[in-house]
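S.K.: So here's upload_6.txt, just compact mmCIF, C-alpha atoms:
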```txt
# COMPACT_ATOMS: atom_id res chain seq x y z
CA MET T 28 128.28 151.36 88.52
CA VAL T 29 129.41 149.85 91.80
CA ILE T 30 126.85 148.45 94.23
CA LEU T 31 127.68 148.02 97.92
CA THR T 32 125.50 146.93 100.79
CA ARG T 33 125.23 149.25 103.77
CA GLU T 34 127.10 146.64 105.82
CA GLN T 35 129.98 146.58 103.31
CA TYR T 36 130.10 150.36 103.27
CA ASP T 37 130.14 150.45 107.07
CA SER T 38 133.01 147.94 107.16
CA ILE T 39 135.11 150.21 104.93
CA VAL T 40 134.34 153.27 107.05
CA THR T 41 135.05 151.42 110.29
CA HIS T 42 138.34 150.07 108.94
CA ALA T 43 139.38 153.55 107.81
CA LYS T 44 138.40 155.24 111.08
CA LYS T 45 140.20 152.58 113.06
CA HIS T 46 143.46 153.37 111.27
CA THR T 47 143.14 157.13 110.93
CA PRO T 48 145.29 159.26 110.79
CA LEU T 49 146.99 156.57 108.69
CA GLU T 50 145.58 155.61 105.32
CA ALA T 51 143.64 152.35 105.25
CA CYS T 52 143.10 150.11 102.23
CA GLY T 53 141.47 146.97 100.95
CA LEU T 54 140.01 145.09 98.01
CA ILE T 55 136.48 144.57 96.76
CA GLY T 56 135.39 141.33 95.15
CA GLY T 57 132.12 140.48 93.51
CA LYS T 58 130.25 139.92 90.29
CA LEU T 59 130.55 141.89 87.08
CA ASP T 60 127.46 142.10 84.86
CA GLY T 61 128.11 144.44 81.96
CA ASP T 62 129.16 147.68 83.60
CA VAL T 63 127.52 146.82 86.92
CA LYS T 64 129.84 145.68 89.68
CA THR T 65 127.99 144.11 92.60
CA VAL T 66 130.29 143.74 95.58
CA GLY T 67 130.11 140.36 97.29
CA LYS T 68 132.87 140.79 99.83
CA VAL T 69 135.10 143.55 101.14
CA TYR T 70 138.64 142.59 102.12
CA LEU T 71 140.30 144.77 104.74
CA LEU T 72 144.02 144.80 104.06
CA THR T 73 147.14 146.14 105.73
CA ASN T 74 148.73 149.36 104.54
CA THR T 75 152.35 148.27 104.64
CA ASP T 76 153.44 151.91 104.33
CA ALA T 77 151.71 152.68 107.66
CA SER T 78 151.54 156.27 106.48
CA ALA T 79 149.07 159.14 106.68
CA GLU T 80 149.81 160.08 103.09
CA HIS T 81 150.63 156.84 101.27
CA PHE T 82 149.47 153.28 101.04
CA SER T 83 150.71 150.00 99.61
CA MET T 84 148.66 146.85 99.97
CA ASP T 85 150.32 143.84 101.52
CA PRO T 86 151.01 141.50 98.56
CA ASN T 87 150.51 138.39 100.71
CA GLU T 88 147.08 139.62 101.73
CA GLN T 89 146.26 140.59 98.15
CA PHE T 90 147.01 137.11 96.88
CA ALA T 91 145.09 135.52 99.75
CA ALA T 92 142.08 137.74 99.03
CA VAL T 93 142.11 136.97 95.31
CA LYS T 94 142.32 133.24 95.99
CA ASP T 95 139.43 133.54 98.45
CA MET T 96 137.39 135.36 95.80
CA ARG T 97 138.05 132.57 93.34
CA ALA T 98 136.92 129.99 95.89
CA ARG T 99 133.71 131.96 96.37
CA GLY T 100 133.08 132.26 92.64
CA ILE T 101 133.58 136.01 92.57
CA GLY T 102 136.24 138.20 90.99
CA LEU T 103 138.38 141.19 91.83
CA LEU T 104 136.39 144.33 91.10
CA GLY T 105 138.72 146.96 92.50
CA ASN T 106 140.10 148.41 95.66
CA PHE T 107 139.56 151.13 98.21
CA HIS T 108 141.71 153.37 100.32
CA SER T 109 141.12 156.25 102.66
CA HIS T 110 142.16 159.86 102.56
CA PRO T 111 142.14 160.80 106.24
CA ALA T 112 142.50 164.53 105.64
CA THR T 113 141.93 165.18 101.94
CA PRO T 114 138.95 164.96 99.57
CA SER T 115 137.55 161.82 97.96
CA ARG T 116 139.29 162.09 94.63
CA PRO T 117 142.42 160.49 93.16
CA SER T 118 145.64 162.29 94.03
CA GLU T 119 148.43 162.56 91.49
CA GLU T 120 150.10 159.61 93.19
CA ASP T 121 146.86 157.61 93.09
CA LYS T 122 146.68 158.20 89.35
CA ARG T 123 150.34 157.45 88.75
CA LEU T 124 150.07 154.15 90.61
CA ALA T 125 146.77 153.04 89.08
CA TYR T 126 147.84 150.22 86.77
CA ASP T 127 144.61 148.29 86.34
CA THR T 128 142.29 150.02 83.90
CA ARG T 129 139.46 147.56 84.66
CA ALA T 130 139.51 148.22 88.39
CA SER T 131 137.25 150.52 90.33
CA TYR T 132 139.20 152.78 92.67
CA LEU T 133 137.11 153.67 95.70
CA ILE T 134 138.35 156.55 97.82
CA LEU T 135 136.92 157.30 101.24
CA SER T 136 137.50 160.77 102.60
CA LEU T 137 137.41 161.32 106.33
CA ALA T 138 138.25 164.99 106.00
CA GLY T 139 134.76 166.29 106.72
CA GLU T 140 132.22 165.65 109.43
CA GLU T 141 130.74 162.78 107.43
CA PRO T 142 132.68 160.19 105.43
CA VAL T 143 132.53 160.59 101.64
CA LEU T 144 133.03 157.57 99.39
CA ASN T 145 133.40 157.84 95.62
CA SER T 146 134.42 155.37 92.94
CA PHE T 147 136.65 156.13 89.97
CA ARG T 148 138.09 154.47 86.89
CA ILE T 149 141.57 155.49 85.72
CA ASP T 150 142.71 154.76 82.18
CA ARG T 151 146.22 154.24 80.86
CA ASP T 152 146.55 157.94 80.10
CA LYS T 153 145.56 158.65 83.72
CA ASN T 154 142.24 160.16 82.79
CA VAL T 155 139.85 159.84 85.71
CA THR T 156 136.17 159.02 85.37
CA LYS T 157 133.86 159.06 88.35
CA GLU T 158 131.45 156.15 88.31
CA GLU T 159 128.12 155.76 89.99
CA LEU T 160 128.24 154.23 93.46
CA ARG T 161 125.09 152.88 95.03
CA ILE T 162 124.76 151.81 98.66
CA LEU T 163 121.85 149.47 99.32
CA ASP T 164 120.05 149.82 102.66
CA MET E 17 152.09 122.44 78.17
CA LYS E 18 149.26 123.31 80.51
CA VAL E 19 149.70 125.82 83.31
CA GLN E 20 147.27 127.56 85.63
CA VAL E 21 147.27 131.33 85.60
CA ASN E 22 145.06 133.26 87.98
CA GLY E 23 142.85 130.20 88.32
CA GLU E 24 142.48 129.52 84.60
CA GLU E 25 144.21 127.06 82.34
CA LEU E 26 146.61 128.37 79.73
CA VAL E 27 148.39 126.28 77.12
CA ILE E 28 151.88 127.34 76.13
CA GLU E 29 154.10 125.72 73.52
CA LYS E 30 157.33 125.60 75.48
CA PRO E 31 158.80 126.71 78.79
CA VAL E 32 159.09 130.50 78.95
CA ASN E 33 160.41 132.82 81.59
CA ILE E 34 158.12 134.90 83.75
CA LYS E 35 158.69 138.06 81.73
CA GLU E 36 157.66 136.27 78.54
CA PHE E 37 154.85 134.46 80.30
CA LEU E 38 153.23 137.70 81.46
CA VAL E 39 152.94 138.76 77.83
CA LEU E 40 151.36 135.43 76.89
CA ALA E 41 148.99 135.78 79.83
CA LYS E 42 147.99 139.23 78.55
CA ALA E 43 149.02 141.16 81.64
CA GLU E 44 148.06 144.73 80.72
CA GLN E 45 151.10 146.39 82.25
CA PRO E 46 153.46 143.52 83.12
CA GLU E 47 156.08 145.84 84.52
CA TYR E 48 153.79 146.58 87.44
CA VAL E 49 152.67 143.15 88.53
CA THR E 50 153.62 141.01 91.50
CA VAL E 51 154.02 137.31 90.74
CA GLN E 52 153.71 134.06 92.63
CA LYS E 53 154.83 130.77 91.15
CA ASN E 54 153.46 127.73 92.95
CA ASP E 55 152.60 129.95 95.95
CA ALA E 56 156.10 131.42 96.23
CA PHE E 57 156.88 135.05 95.37
CA VAL E 58 159.13 135.64 92.39
CA GLU E 59 161.37 138.66 92.77
CA ARG E 60 161.23 141.01 89.79
CA SER E 61 164.98 140.65 89.38
CA LYS E 62 164.41 136.91 88.84
CA PHE E 63 161.69 137.23 86.19
CA GLU E 64 164.03 136.41 83.31
CA GLU E 65 165.68 133.45 84.98
CA THR E 66 162.53 131.87 86.42
CA PHE E 67 160.78 129.56 83.98
CA VAL E 68 157.18 128.46 83.77
CA GLU E 69 156.82 124.77 83.06
CA GLU E 70 154.16 122.08 82.74
CA GLY E 71 151.79 122.01 85.68
CA ASP E 72 152.96 125.26 87.27
CA THR E 73 150.50 127.57 88.97
CA ILE E 74 151.12 131.25 88.34
CA GLU E 75 149.33 134.09 90.06
CA PHE E 76 149.89 137.72 89.23
CA LEU E 77 148.28 140.90 90.37
CA TYR E 78 148.91 144.58 90.05
CA PHE E 79 150.75 146.56 92.64
CA MET E 80 148.15 148.58 94.50
CA GLY E 81 149.20 151.73 96.20
CA GLY E 82 148.80 155.47 96.17
CA GLY E 83 148.75 158.50 98.34
CA SER E 84 146.53 161.34 99.41
CA ARG E 85 148.85 164.20 98.42
```
Go through the file and emit its structure as structure tokens.
M.R.:
Amino acid sequence: MVILTREQYDSIVTHAKKHTPLEACGLIGGKLDGDVKTVGKVYLLTNTDASAEHFSMDPNEQFAAVKDMRARGIGLLGNFHSHPATPSRPSEEDKRLAYDTRASYLILSLAGEEPVLNSFRIDRDKNVTKEELRILD
Amino acid sequence: MKVQVNGEELVIEKPVNIKEFLVLAKAEQPEYVTVQKNDAFVERSKFEETFVEEGDTIEFLYFMGGGSR
């Protein structure tokens, strides 16, 4: 399960809307307790592809974020990206490029009237499992 | 030899190149990681000729990308 605060959720949605129709992306850092991932900080990163259909996170920003997490005593829990015009589920490319089996892959869809955020795990065989996502008000 | 990898200490017996080091550091899929040695990026083409030595700081993380189609 992934736990986000409403403020963290809003920051992801705002970041994604700001960059739409391009895909937006970022990292989530926090604490892992068993299977429960409590997000401590959301890192808004640059999509170096600057594309409506693809994203690649800026490696410089990734390293900076991970080092910041370490300084805060939290760890990398996963990442997020937006689908400006498609549903909140991993595309074939998302699955193909998912290399970290421990990570949570959050996908925010802006295709409908309201944003839809889901979290997934993707194993080495590219099997996708949706995991519970809780937003705390 | 003590080195730092992703913020944690790792002891290795002798200098090894980055490709070998990623195996020692238990990178799950080392062919898909991006590496920094002492805060400088190491090009993938240089993995076999770049060595990790006493006191080095190595950071690696997975490429993160995808697409909506």
S.K.: Please, what distance in Å, to one decimal, runs between CA of Leu137 in chain T and CA of Gly56 in chain T?
M.R.: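 Interatomic distance here is 23.0 Å.
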S.K.: Give me the residues near range 77-86 of chain T as a list in words, where near means some atom within 7 Å (using only C-alpha atoms) and where sequence neighbours in that chain fewer than 2 positions away do not count.
M.R.: Pro48, Leu49, Glu50, Cys52, Leu72, Thr73, Asn74, Thr75, Glu88, Gln89 and Phe90 of chain T; Met80, Gly81, Gly82, Gly83, Ser84 and Arg85 of chain E
S.K.: Please, what distance in Å, to one decimal, runs between CA of Val58 in chain E and CA of Asp150 in chain T?
M.R.: 27.2 Å
S.K.: Distance cut-off 9 Å, counting only C-alpha atoms - which residues of chain E neighbour chain T? Return them as a ChimeraX atom specification.
M.R.: /E:22-23,44-45,48-50,52,57,75-85
S.K.: Would you be able to write out as a list in words which residues have an atom within 8 Å of (156.7, 130.1, 90.1) in the file's coordinates, counting only C-alpha atoms?
M.R.: Val51, Gln52, Lys53, Asn54, Asp55, Ala56, Phe57, Val58, Thr66, Phe67, Val68, Asp72, Thr73 and Ile74 of chain E
S.K.: Would you pick out the contacts of Lys68 in chain T at 8 Å or less, using all atoms listed in the file, so that residues sharing its chain but fewer than 3 positions from it are not included, and give the list as a ChimeraX atom specification?
M.R.: /T:35,55-57
S.K.: What is the CA of Phe147 in chain T to CA of Ala51 in chain T distance in Å?
M.R.: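 Computing it gives 17.2 Å between the two atoms.
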S.K.: Considering all atoms listed in the file, can you say which of T:Met96, T:Thr41, T:Glu158, T:Asp152 comes closest to Tyr132 in chain T?
M.R.: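 Nearest candidate to Tyr132 in chain T out of T:Met96, T:Thr41, T:Glu158, T:Asp152: T:Glu158.
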